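Printed here is upload-v2.tsv (TSV, C-alpha atoms):
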```
chain	number	residue	atom	x	y	z
A	1	MET	CA	152.14	67.21	80.02
A	2	GLY	CA	155.48	67.07	81.85
A	3	LYS	CA	156.85	63.53	81.63
A	4	LEU	CA	154.00	62.42	79.36
A	5	ASN	CA	154.76	63.47	75.79
A	6	ILE	CA	152.23	61.33	73.87
A	7	PHE	CA	149.14	59.53	75.17
A	8	GLU	CA	146.85	58.53	72.29
A	9	ILE	CA	144.45	55.84	71.11
A	10	SER	CA	144.60	54.78	67.45
A	11	PHE	CA	142.38	52.43	65.43
A	12	ALA	CA	143.70	50.11	62.73
A	13	ASN	CA	140.52	50.87	60.79
A	14	MET	CA	141.19	54.39	59.56
A	15	THR	CA	137.49	55.33	59.40
A	16	GLY	CA	136.69	54.55	63.03
A	17	VAL	CA	133.49	52.90	61.73
A	18	PHE	CA	132.41	49.40	62.80
A	19	TYR	CA	129.41	47.09	62.46
A	20	PRO	CA	127.85	45.08	65.31
A	21	GLY	CA	129.80	41.85	65.74
A	22	SER	CA	133.00	43.22	64.18
A	23	VAL	CA	136.36	43.59	65.93
A	24	VAL	CA	137.65	46.94	67.18
A	25	GLU	CA	141.41	46.76	66.82
A	26	GLY	CA	144.07	49.34	67.55
A	27	HIS	CA	146.72	50.41	70.01
A	28	VAL	CA	147.49	52.89	72.77
A	29	THR	CA	150.72	54.88	72.48
A	30	VAL	CA	152.44	56.18	75.62
A	31	GLU	CA	155.61	58.21	75.23
A	32	LEU	CA	157.50	59.40	78.32
A	33	THR	CA	160.39	61.84	78.52
A	34	LYS	CA	161.28	60.46	81.97
A	35	PRO	CA	160.37	57.30	83.92
A	36	MET	CA	156.91	57.42	85.54
A	37	LYS	CA	155.62	55.58	88.60
A	38	MET	CA	152.08	54.26	88.29
A	39	ARG	CA	149.78	51.51	89.44
A	40	GLY	CA	149.03	50.47	85.87
A	41	ILE	CA	147.56	51.26	82.47
A	42	GLU	CA	143.93	50.24	81.91
A	43	ILE	CA	141.90	50.20	78.69
A	44	LYS	CA	138.09	50.26	78.81
A	45	PHE	CA	135.64	49.53	75.98
A	46	GLU	CA	132.15	50.89	76.52
A	47	GLY	CA	128.86	51.31	74.66
A	48	LYS	CA	125.86	53.07	76.17
A	49	ALA	CA	122.86	55.34	75.60
A	50	HIS	CA	121.71	58.23	77.73
A	51	VAL	CA	118.70	60.55	77.62
A	52	ARG	CA	118.24	63.56	79.90
A	53	TRP	CA	116.17	66.71	79.84
A	54	SER	CA	114.58	69.08	82.36
A	55	LYS	CA	111.18	70.75	82.45
A	56	LYS	CA	110.46	73.97	84.27
A	57	LYS	CA	107.45	73.88	86.60
A	58	GLU	CA	105.77	76.44	88.83
A	59	VAL	CA	103.93	76.07	92.13
A	60	GLU	CA	102.03	78.60	94.21
A	61	PHE	CA	102.37	78.87	97.96
A	62	GLU	CA	100.77	81.58	100.10
A	63	ASP	CA	100.07	83.79	97.08
A	64	GLU	CA	103.63	83.47	95.82
A	65	SER	CA	104.87	81.57	92.77
A	66	PHE	CA	107.97	79.42	92.86
A	67	SER	CA	109.63	77.71	89.90
A	68	TYR	CA	111.76	74.60	89.86
A	69	SER	CA	113.14	72.19	87.29
A	70	GLU	CA	112.10	68.57	87.12
A	71	GLU	CA	114.61	66.27	85.44
A	72	TYR	CA	113.89	63.15	83.39
A	73	SER	CA	116.64	60.71	82.51
A	74	SER	CA	117.19	57.16	81.31
A	75	LYS	CA	120.22	55.03	80.49
A	76	GLU	CA	121.09	51.82	78.66
A	77	LYS	CA	124.35	49.89	78.86
A	78	TYR	CA	125.33	47.72	75.87
A	79	PHE	CA	128.75	46.56	76.97
A	80	LYS	CA	131.63	47.46	79.27
A	81	GLU	CA	134.94	45.62	79.43
A	82	GLU	CA	138.25	46.57	81.00
A	83	ILE	CA	141.74	45.15	80.46
A	84	VAL	CA	145.09	45.95	82.09
A	85	VAL	CA	147.99	46.23	79.64
A	86	PHE	CA	150.67	47.29	82.14
A	87	GLY	CA	150.91	46.96	85.93
A	88	LYS	CA	147.72	46.01	87.75
A	89	LYS	CA	144.13	47.07	88.39
A	90	SER	CA	143.31	49.95	90.73
A	91	SER	CA	141.39	47.48	92.93
A	92	GLU	CA	144.54	45.43	93.59
A	93	GLY	CA	146.23	47.83	95.99
A	94	SER	CA	148.34	50.97	95.80
A	95	ASP	CA	151.75	49.43	95.03
A	96	THR	CA	153.38	51.08	92.02
A	97	VAL	CA	155.54	49.98	89.12
A	98	GLU	CA	157.78	52.18	87.00
A	99	LEU	CA	157.40	52.63	83.27
A	100	GLU	CA	160.69	53.60	81.72
A	101	ALA	CA	161.18	56.59	79.44
A	102	GLY	CA	160.55	56.15	75.73
A	103	ARG	CA	157.68	55.09	73.48
A	104	HIS	CA	155.46	52.17	74.48
A	105	VAL	CA	152.73	50.67	72.29
A	106	TYR	CA	149.94	48.51	73.73
A	107	PRO	CA	147.75	46.76	71.12
A	108	PHE	CA	144.12	45.88	71.84
A	109	LYS	CA	141.27	43.91	70.28
A	110	PHE	CA	137.63	43.88	71.29
A	111	GLN	CA	134.73	42.14	69.56
A	112	LEU	CA	131.51	44.13	69.52
A	113	PRO	CA	128.29	42.34	70.49
A	114	GLU	CA	125.62	41.70	67.86
A	115	GLY	CA	122.44	43.77	67.77
A	116	LEU	CA	123.95	47.11	68.77
A	117	PRO	CA	122.07	50.32	67.86
A	118	SER	CA	123.72	52.84	65.56
A	119	SER	CA	125.76	55.68	67.05
A	120	PHE	CA	123.72	58.84	67.48
A	121	GLU	CA	124.15	62.37	68.85
A	122	GLY	CA	120.91	64.26	69.50
A	123	GLY	CA	121.53	66.99	72.04
A	124	ILE	CA	119.47	65.67	74.95
A	125	GLY	CA	120.21	62.05	74.10
A	126	HIS	CA	122.91	59.96	72.51
A	127	VAL	CA	124.21	56.47	71.74
A	128	ARG	CA	127.98	56.41	72.21
A	129	TYR	CA	130.83	53.95	71.80
A	130	PHE	CA	134.39	54.64	72.88
A	131	VAL	CA	137.75	53.34	74.00
A	132	PHE	CA	139.05	54.91	77.21
A	133	CYS	CA	142.57	54.58	78.60
A	134	LYS	CA	143.83	55.55	82.05
A	135	ILE	CA	147.31	55.80	83.52
A	136	ASP	CA	146.47	55.08	87.14
A	137	LYS	CA	148.67	57.04	89.57
A	138	PRO	CA	147.77	56.52	93.26
A	139	TRP	CA	147.72	59.70	95.35
A	140	LYS	CA	148.12	61.80	92.19
A	141	PHE	CA	145.96	62.91	89.25
A	142	ASP	CA	145.44	60.14	86.70
A	143	HIS	CA	146.08	60.66	83.00
A	144	ASP	CA	142.98	59.87	80.90
A	145	THR	CA	142.35	59.80	77.17
A	146	LYS	CA	139.27	58.84	75.15
A	147	ARG	CA	138.64	57.92	71.51
A	148	MET	CA	135.10	57.70	70.13
A	149	PHE	CA	134.11	55.37	67.29
A	150	THR	CA	130.98	54.83	65.21
A	151	VAL	CA	128.81	51.74	65.16
A	152	ILE	CA	126.34	51.40	62.26
A	153	GLY	CA	123.46	48.95	62.69
A	154	CYS	CA	122.13	47.26	59.56
A	155	LEU	CA	118.72	48.29	58.19
A	156	ASN	CA	118.04	46.37	54.97
A	157	LEU	CA	115.30	48.14	53.03
A	158	ASN	CA	114.49	44.88	51.21
A	159	SER	CA	113.14	43.35	54.43
A	160	ASP	CA	109.84	45.28	54.07
A	161	PRO	CA	107.91	45.29	50.75
A	162	ALA	CA	106.28	48.60	51.74
A	163	ASN	CA	109.61	50.35	51.20
A	164	SER	CA	109.20	49.86	47.41
A	165	GLN	CA	105.73	51.41	47.25
A	166	ARG	CA	104.95	54.89	45.92
A	167	CYS	CA	103.99	57.54	48.52
A	168	SER	CA	101.51	60.35	47.93
A	169	GLY	CA	99.33	62.80	49.83
A	170	ASN	CA	97.30	65.97	49.44
A	171	ASP	CA	95.76	68.76	51.48
A	172	GLN	CA	94.12	72.15	51.15
A	173	THR	CA	93.48	75.24	53.23
A	174	ASN	CA	91.78	78.63	53.08
A	175	LEU	CA	93.32	81.91	54.21
A	176	CYS	CA	91.19	84.20	56.33
A	177	CYS	CA	91.50	87.99	56.47
A	178	LEU	CA	89.06	89.75	58.82
A	179	CYS	CA	85.66	88.42	57.75
A	180	CYS	CA	86.76	87.29	54.32
A	181	LYS	CA	87.75	83.79	53.35
A	182	SER	CA	90.00	83.20	50.36
A	183	GLY	CA	89.67	80.56	47.70
A	184	PRO	CA	91.37	77.24	48.50
A	185	ILE	CA	95.08	76.56	48.31
A	186	THR	CA	95.57	72.94	47.29
A	187	ALA	CA	98.64	70.72	47.03
A	188	GLN	CA	99.24	67.19	45.82
A	189	PHE	CA	102.64	65.65	46.60
A	190	SER	CA	104.24	62.31	45.70
A	191	ILE	CA	107.59	60.50	45.65
A	192	ASP	CA	108.64	57.26	43.95
A	193	ARG	CA	108.93	55.08	47.05
A	194	LYS	CA	109.20	54.91	50.82
A	195	GLY	CA	112.69	53.39	51.30
A	196	TRP	CA	115.96	55.23	50.68
A	197	VAL	CA	119.64	55.26	51.67
A	198	PRO	CA	121.96	58.25	52.16
A	199	GLY	CA	123.41	59.35	48.82
A	200	GLU	CA	120.18	58.76	46.89
A	201	ALA	CA	118.14	61.65	45.47
A	202	ILE	CA	114.40	61.73	46.10
A	203	LYS	CA	112.54	62.92	42.99
A	204	CYS	CA	109.73	65.23	44.10
A	205	TYR	CA	106.43	65.62	42.20
A	206	ALA	CA	103.79	68.15	43.24
A	207	ASP	CA	100.93	70.22	41.85
A	208	ILE	CA	100.05	73.40	43.75
A	209	SER	CA	97.04	75.62	43.03
A	210	ASN	CA	96.86	79.04	44.68
A	211	GLY	CA	93.22	80.10	44.81
A	212	ALA	CA	93.93	82.86	47.33
A	213	ASP	CA	93.98	86.59	46.65
A	214	ARG	CA	97.62	86.84	47.73
A	215	GLU	CA	100.80	85.23	46.47
A	216	MET	CA	102.61	82.30	48.05
A	217	ASP	CA	106.14	83.30	49.01
A	218	SER	CA	107.48	79.91	47.97
A	219	SER	CA	107.05	76.18	48.14
A	220	TYR	CA	109.75	73.89	49.48
A	221	VAL	CA	110.36	70.23	50.22
A	222	ALA	CA	112.22	69.40	53.43
A	223	LEU	CA	113.66	66.18	54.83
A	224	ARG	CA	112.99	66.14	58.57
A	225	MET	CA	114.48	63.86	61.19
A	226	VAL	CA	112.02	63.28	64.04
A	227	THR	CA	113.71	61.99	67.19
A	228	THR	CA	111.66	60.79	70.17
A	229	PHE	CA	113.38	60.47	73.54
A	230	HIS	CA	111.91	58.35	76.34
A	231	ALA	CA	112.57	58.69	80.08
A	232	GLU	CA	110.55	57.85	83.21
A	233	GLY	CA	107.28	57.44	81.32
A	234	LYS	CA	107.67	60.79	79.55
A	235	THR	CA	108.64	61.60	75.97
A	236	LYS	CA	110.24	64.55	74.26
A	237	THR	CA	110.28	64.93	70.49
A	238	ARG	CA	112.76	66.94	68.48
A	239	THR	CA	112.23	67.67	64.78
A	240	GLU	CA	115.28	68.74	62.81
A	241	GLU	CA	115.48	69.71	59.16
A	242	VAL	CA	118.43	68.01	57.49
A	243	ALA	CA	117.83	68.92	53.81
A	244	ARG	CA	115.66	71.35	51.81
A	245	LEU	CA	114.76	72.23	48.19
A	246	LYS	CA	112.92	75.46	47.36
A	247	ARG	CA	110.93	76.81	44.42
A	248	PRO	CA	109.93	80.44	43.62
A	249	SER	CA	106.77	82.31	44.63
A	250	ILE	CA	103.31	81.46	43.24
A	251	PRO	CA	101.12	84.45	42.21
A	252	SER	CA	97.51	84.88	43.32
A	253	LEU	CA	95.25	82.48	41.38
A	254	GLY	CA	98.40	80.88	39.94
A	255	GLU	CA	99.73	77.34	39.81
A	256	ASP	CA	103.09	75.65	40.14
A	257	SER	CA	104.44	72.12	39.67
A	258	TRP	CA	107.35	70.07	40.92
A	259	THR	CA	108.45	67.79	38.08
A	260	GLY	CA	111.11	65.54	39.61
A	261	GLU	CA	113.39	68.02	41.38
A	262	GLU	CA	115.92	66.03	43.40
A	263	LEU	CA	116.34	66.21	47.17
A	264	VAL	CA	119.62	64.48	48.08
A	265	ILE	CA	119.65	62.46	51.29
A	266	PRO	CA	122.72	63.48	53.34
A	267	PRO	CA	124.63	61.20	55.74
A	268	VAL	CA	122.18	60.61	58.61
A	269	PRO	CA	121.50	57.72	61.01
A	270	PRO	CA	119.18	54.91	59.86
A	271	SER	CA	115.50	54.97	60.84
A	272	ASN	CA	114.24	53.43	64.08
A	273	LEU	CA	117.62	53.14	65.88
A	274	ALA	CA	116.90	49.44	66.37
A	275	GLY	CA	118.46	48.04	69.54
A	276	CYS	CA	117.91	51.24	71.55
A	277	ASN	CA	114.80	51.42	73.73
A	278	ILE	CA	115.05	55.05	74.82
A	279	ILE	CA	115.57	56.83	71.44
A	280	ASP	CA	113.51	56.45	68.24
A	281	ILE	CA	114.25	58.05	64.86
A	282	ASP	CA	111.73	58.64	62.07
A	283	TYR	CA	111.95	60.62	58.83
A	284	ILE	CA	109.42	62.72	56.93
A	285	VAL	CA	109.67	64.31	53.48
A	286	GLN	CA	107.32	67.29	53.64
A	287	LEU	CA	105.99	69.72	51.03
A	288	ASN	CA	105.37	73.19	52.47
A	289	VAL	CA	103.54	76.07	50.78
A	290	GLU	CA	104.29	79.42	52.43
A	291	PRO	CA	101.72	82.24	52.10
A	292	ALA	CA	102.92	85.85	52.07
A	293	GLY	CA	102.21	87.69	55.31
A	294	LEU	CA	100.83	86.22	58.53
A	295	ALA	CA	99.32	82.81	57.80
A	296	LEU	CA	100.00	79.17	58.52
A	297	ASP	CA	101.78	77.05	55.92
A	298	LEU	CA	99.99	74.37	53.98
A	299	PHE	CA	101.99	71.17	54.30
A	300	VAL	CA	101.83	67.58	53.05
A	301	PRO	CA	104.08	65.15	55.00
A	302	LEU	CA	105.14	61.74	53.65
A	303	PRO	CA	106.82	59.28	56.08
A	304	ILE	CA	109.89	57.52	54.65
A	305	VAL	CA	112.46	54.98	55.85
A	306	ILE	CA	116.21	55.59	55.62
A	307	GLY	CA	118.26	52.40	55.68
A	308	THR	CA	121.83	51.21	55.22
A	309	VAL	CA	121.21	48.61	52.47
A	310	PRO	CA	119.56	49.94	49.27
A	311	LEU	CA	116.61	48.35	47.53
A	312	LEU	CA	117.55	45.57	45.14
A	313	SER	CA	115.26	46.99	42.46
A	314	VAL	CA	117.14	50.30	42.60
A	315	ILE	CA	120.66	48.91	42.27
A	316	GLN	CA	119.57	46.60	39.44
A	317	GLN	CA	118.54	49.69	37.47
A	318	SER	CA	121.40	51.96	38.52
A	319	PRO	CA	124.13	50.57	40.81
A	320	PRO	CA	126.14	53.06	42.86
A	321	MET	CA	129.67	53.98	41.86
A	322	ALA	CA	132.78	53.15	43.85
A	323	PRO	CA	133.50	55.62	46.66
A	324	VAL	CA	136.59	57.80	46.64
A	325	MET	CA	138.80	56.48	49.43
A	326	PRO	CA	140.84	58.97	51.50
A	327	ALA	CA	144.53	58.45	52.15
A	328	PRO	CA	145.35	56.42	55.29
A	329	ALA	CA	145.19	58.96	58.09
A	330	GLY	CA	147.49	56.88	60.28
A	331	LEU	CA	150.31	57.18	57.80
A	332	ASP	CA	149.97	60.95	57.44
A	333	ALA	CA	149.84	61.54	61.19
A	334	ALA	CA	152.81	59.27	61.79
A	335	ALA	CA	154.84	61.24	59.26
A	336	ALA	CA	154.20	64.33	61.36
A	337	GLY	CA	155.59	62.53	64.41
A	338	ASP	CA	152.34	62.70	66.39
A	339	VAL	CA	151.48	59.01	66.75
A	340	GLN	CA	153.05	55.58	66.61
A	341	PRO	CA	154.11	54.93	62.96
A	342	VAL	CA	151.80	52.59	61.07
A	343	SER	CA	152.99	50.62	58.05
A	344	PRO	CA	150.77	50.25	54.96
A	345	GLU	CA	150.33	46.56	55.82
A	346	GLN	CA	148.81	47.49	59.21
A	347	VAL	CA	146.23	49.95	57.86
A	348	VAL	CA	142.69	48.59	57.70
A	349	PHE	CA	140.63	50.37	55.06
A	350	PRO	CA	136.94	51.24	55.37
A	351	PRO	CA	134.82	48.22	56.36
A	352	LEU	CA	132.34	46.47	54.14
A	353	PRO	CA	128.71	46.11	55.24
A	354	PRO	CA	127.80	42.64	56.54
A	355	PRO	CA	127.19	40.21	53.64
A	356	ILE	CA	123.54	39.58	52.72
A	357	PRO	CA	122.69	36.18	51.16
A	358	GLY	CA	121.56	36.51	47.55
A	359	PHE	CA	122.40	40.21	47.38
A	360	PRO	CA	124.51	41.29	44.37
A	361	ASP	CA	128.08	42.47	44.77
A	362	ILE	CA	128.00	46.27	44.53
A	363	PRO	CA	130.56	48.97	45.35
A	364	PRO	CA	130.60	49.63	49.10
A	365	PRO	CA	129.50	52.92	50.62
A	366	SER	CA	131.79	55.53	52.00
A	367	TYR	CA	131.40	56.67	55.61
A	368	ASN	CA	130.66	60.38	55.86
A	369	GLU	CA	130.37	62.55	58.95
A	370	CYS	CA	126.75	63.17	59.95
A	371	ILE	CA	125.41	66.36	58.40
A	372	THR	CA	124.43	67.70	61.84
A	373	GLY	CA	128.15	68.05	62.63
A	374	PRO	CA	130.38	67.35	65.65
A	375	VAL	CA	129.30	67.79	69.26
A	376	LYS	CA	131.18	68.03	72.56
A	377	ILE	CA	131.45	64.57	74.08
A	378	ARG	CA	132.86	65.37	77.52
A	379	GLU	CA	130.59	63.75	80.09
A	380	LYS	CA	129.73	64.55	83.69
A	381	ASP	CA	132.01	61.87	85.14
A	382	ASP	CA	135.01	62.64	82.93
A	383	SER	CA	138.16	63.94	84.57
A	384	VAL	CA	139.21	67.55	84.00
A	385	ASN	CA	142.50	66.05	82.78
A	386	LEU	CA	140.84	64.07	79.99
A	387	THR	CA	142.65	64.37	76.66
A	388	GLY	CA	141.85	63.26	73.12
A	389	ASN	CA	139.50	64.74	70.55
A	390	LEU	CA	136.59	65.91	72.71
A	391	LYS	CA	134.40	66.73	69.70
A	392	PHE	CA	132.83	63.94	67.69
A	393	ALA	CA	130.35	63.34	64.88
A	394	PRO	CA	129.25	59.79	63.99
A	395	ALA	CA	129.88	58.73	60.39
A	396	TYR	CA	127.16	56.99	58.39
A	397	THR	CA	126.91	55.04	55.15
A	398	TYR	CA	126.80	57.21	52.03
A	399	TYR	CA	126.42	55.58	48.61
A	400	ASN	CA	127.96	57.27	45.60
A	401	TRP	CA	125.28	58.00	43.02
A	402	GLY	CA	127.09	61.20	42.03
A	403	HIS	CA	124.86	63.55	44.05
A	404	ASN	CA	125.92	66.33	46.41
A	405	PRO	CA	123.87	66.93	49.59
A	406	VAL	CA	122.11	70.29	49.86
A	407	PRO	CA	123.29	72.59	52.69
A	408	LEU	CA	121.78	72.11	56.14
A	409	THR	CA	119.36	74.84	57.23
A	410	GLY	CA	119.64	74.05	60.94
A	411	GLU	CA	115.93	74.54	61.69
A	412	SER	CA	114.49	72.45	64.53
A	413	GLU	CA	111.60	72.32	66.95
A	414	THR	CA	110.87	70.40	70.15
A	415	THR	CA	107.71	69.04	71.72
A	416	LYS	CA	107.14	67.31	75.05
A	417	LYS	CA	104.65	64.88	76.56
```
As structure tokens, the full file:
Amino acid sequence: MGKLNIFEISFANMTGVFYPGSVVEGHVTVELTKPMKMRGIEIKFEGKAHVRWSKKKEVEFEDESFSYSEEYSSKEKYFKEEIVVFGKKSSEGSDTVELEAGRHVYPFKFQLPEGLPSSFEGGIGHVRYFVFCKIDKPWKFDHDTKRMFTVIGCLNLNSDPANSQRCSGNDQTNLCCLCCKSGPITAQFSIDRKGWVPGEAIKCYADISNGADREMDSSYVALRMVTTFHAEGKTKTRTEEVARLKRPSIPSLGEDSWTGEELVIPPVPPSNLAGCNIIDIDYIVQLNVEPAGLALDLFVPLPIVIGTVPLLSVIQQSPPMAPVMPAPAGLDAAAAGDVQPVSPEQVVFPPLPPPIPGFPDIPPPSYNECITGPVKIREKDDSVNLTGNLKFAPAYTYYNWGHNPVPLTGESETTKK
């Protein structure tokens, strides 16, 4: 970096998780080995959503076929605010000031608007929140750094009585082989209720009858996240499996039952993505019965809602346990000499969800990285000199009922309209 030894953004809240309406507080650390001339140091707070995908099309002209890609995109801006903490704005001329050698710390505070959608990363679309800092150097390359943070919107499962109701479904199919038609394969599937929060375990109940003359390889229950992206009057839907439980094969003319096997809900974004008009999120718990050989699965899907505030009836029966809090990351990093030292009094521990009138006092959730993992967050307009952690995964509420999430299979499919 030459003269620039440290250029980092730190949050007082060690989790980097915030709720709409809360205050994002932290500081920017700039450490120089020699004096540096600049126009100023600017900090920007931004929240936005973006959807973009392309579709290949073909046209024929004079007996020849030509292909091209048609792009669909849409954006939403939730907030954007800039402050100058040293020097002046880039729009105020090219005169420079000199920042002396040494370590300089610039604190910041920014209050988030109410009604923000939850952070989300979905490949062709995202909702992102970040703090960006620029050392503005006229006639030279600027120094840029970015720090992402998570916003979690509140979805209280108690706001809809349907979330407490039992869900069930059934279906059947027949396998065909040449001119022969097998006996029916039937499945009945049910779960205790519609509304859940990450950290809970869905108890699965099913009765499967295999009337076919071949065995079923297995039956499994999968939690699927269905994301619908909207742009320019078109939609694209992506279905991603985020958890799965599997049972053994079922012999010809045999039967099998699920008797309360538990499918743990991993850390995932809440349903709906309220506040965002270009991305929707839905969840399905689906029973699949897989025939041996070439044949379509029999499946029974049950729509569910994943929220951030658990059902009152659930916590009255079995309240969650206190989460295990990690050590303050700011203190550890400071000890290594990488960032501005932070005293224990300055560390803000994981935030509490917004208070709900009449709701009992229960242990707060932890905030766990989304099971889909980190993604690259460099954007088209970012400078090649951008620094900071350029991979990011939002963190979501995860209540401690003592369950461990099942491994992610990584299966997904996409449909377009």
Original post:
Can you tell me how far atom CA of Val197 of chain A sits from atom CA of Ala49 of chain A, in Å to one decimal?
Top reply: 24.1 Å
Original post:
If we count only C-alpha atoms, what is near Val264 of chain A at a cut-off of 7 Å, once residues fewer than 3 positions away on the same chain are taken out, given as a VMD selection string?
Top reply: chain A and resid 199 to 202 403 to 406
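Among the candidates A:Val84, A:Ile41, A:Cys204, A:Val384, the residue lying nearest to Asp192 of chain A is A:Cys204 (atoms considered: only C-alpha atoms).
Reported to one decimal place, the separation of atom CA of Ser74 of chain A from atom CA of Pro198 of chain A is 29.6 Å.
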Original post:
What is the atom CA of Ile124 of chain A to atom CA of Tyr72 of chain A distance in Å?
Top reply: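 Taking atom CA of Ile124 of chain A and atom CA of Tyr72 of chain A, their separation equals 10.4 Å.
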**OP:** Using all atoms listed in the file, pick whichever of A:Thr173, A:Thr227, A:Asn277, A:Ser313 has the shortest atom-to-atom distance to Glu76 of chain A.
**Re:**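 Closest to Glu76 of chain A of all the choices is A:Asn277.
Closest approach to Trp196 of chain A from the set A:Pro267, A:Gly115, A:Gly260, A:Gly275 is made by A:Pro267, with distances taken over all atoms listed in the file.
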**OP:** Could you give me, as number ranges by chain, the residues within 6 Å of segment 357-373 of chain A, counting all atoms listed in the file and dropping anything in the same chain fewer than 3 positions from it?
**Re:** A: 267-268, 322-323, 393-399
**OP:** Would you list the residues near (116.7, 58.7, 72.2) (no more than 6 Å away, in the coordinates of the file, using only C-alpha atoms) as number ranges by chain?
**Re:** A: 125, 228-229, 278-280
Original post:
Quick one: residues within 8 Å of Asn389 of chain A, only C-alpha atoms counted, chain neighbours fewer than 3 positions away excluded, as a ChimeraX atom specification?
Top reply: /A:146-147,392
**OP:** Considering all atoms listed in the file, state which residue in the set A:Trp401, A:Asn385, A:Gly233, A:Ser159 is at the smallest distance from Pro319 of chain A.
**Re:**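 Of the candidates, the smallest distance to Pro319 of chain A is held by A:Trp401.
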Original post:
Any idea what's packed within 9 Å of Thr387 of chain A, counting all atoms listed in the file, ignoring anything in its chain fewer than 6 positions away? Could you give it as a ChimeraX atom specification?
Top reply: /A:7-8,143-146
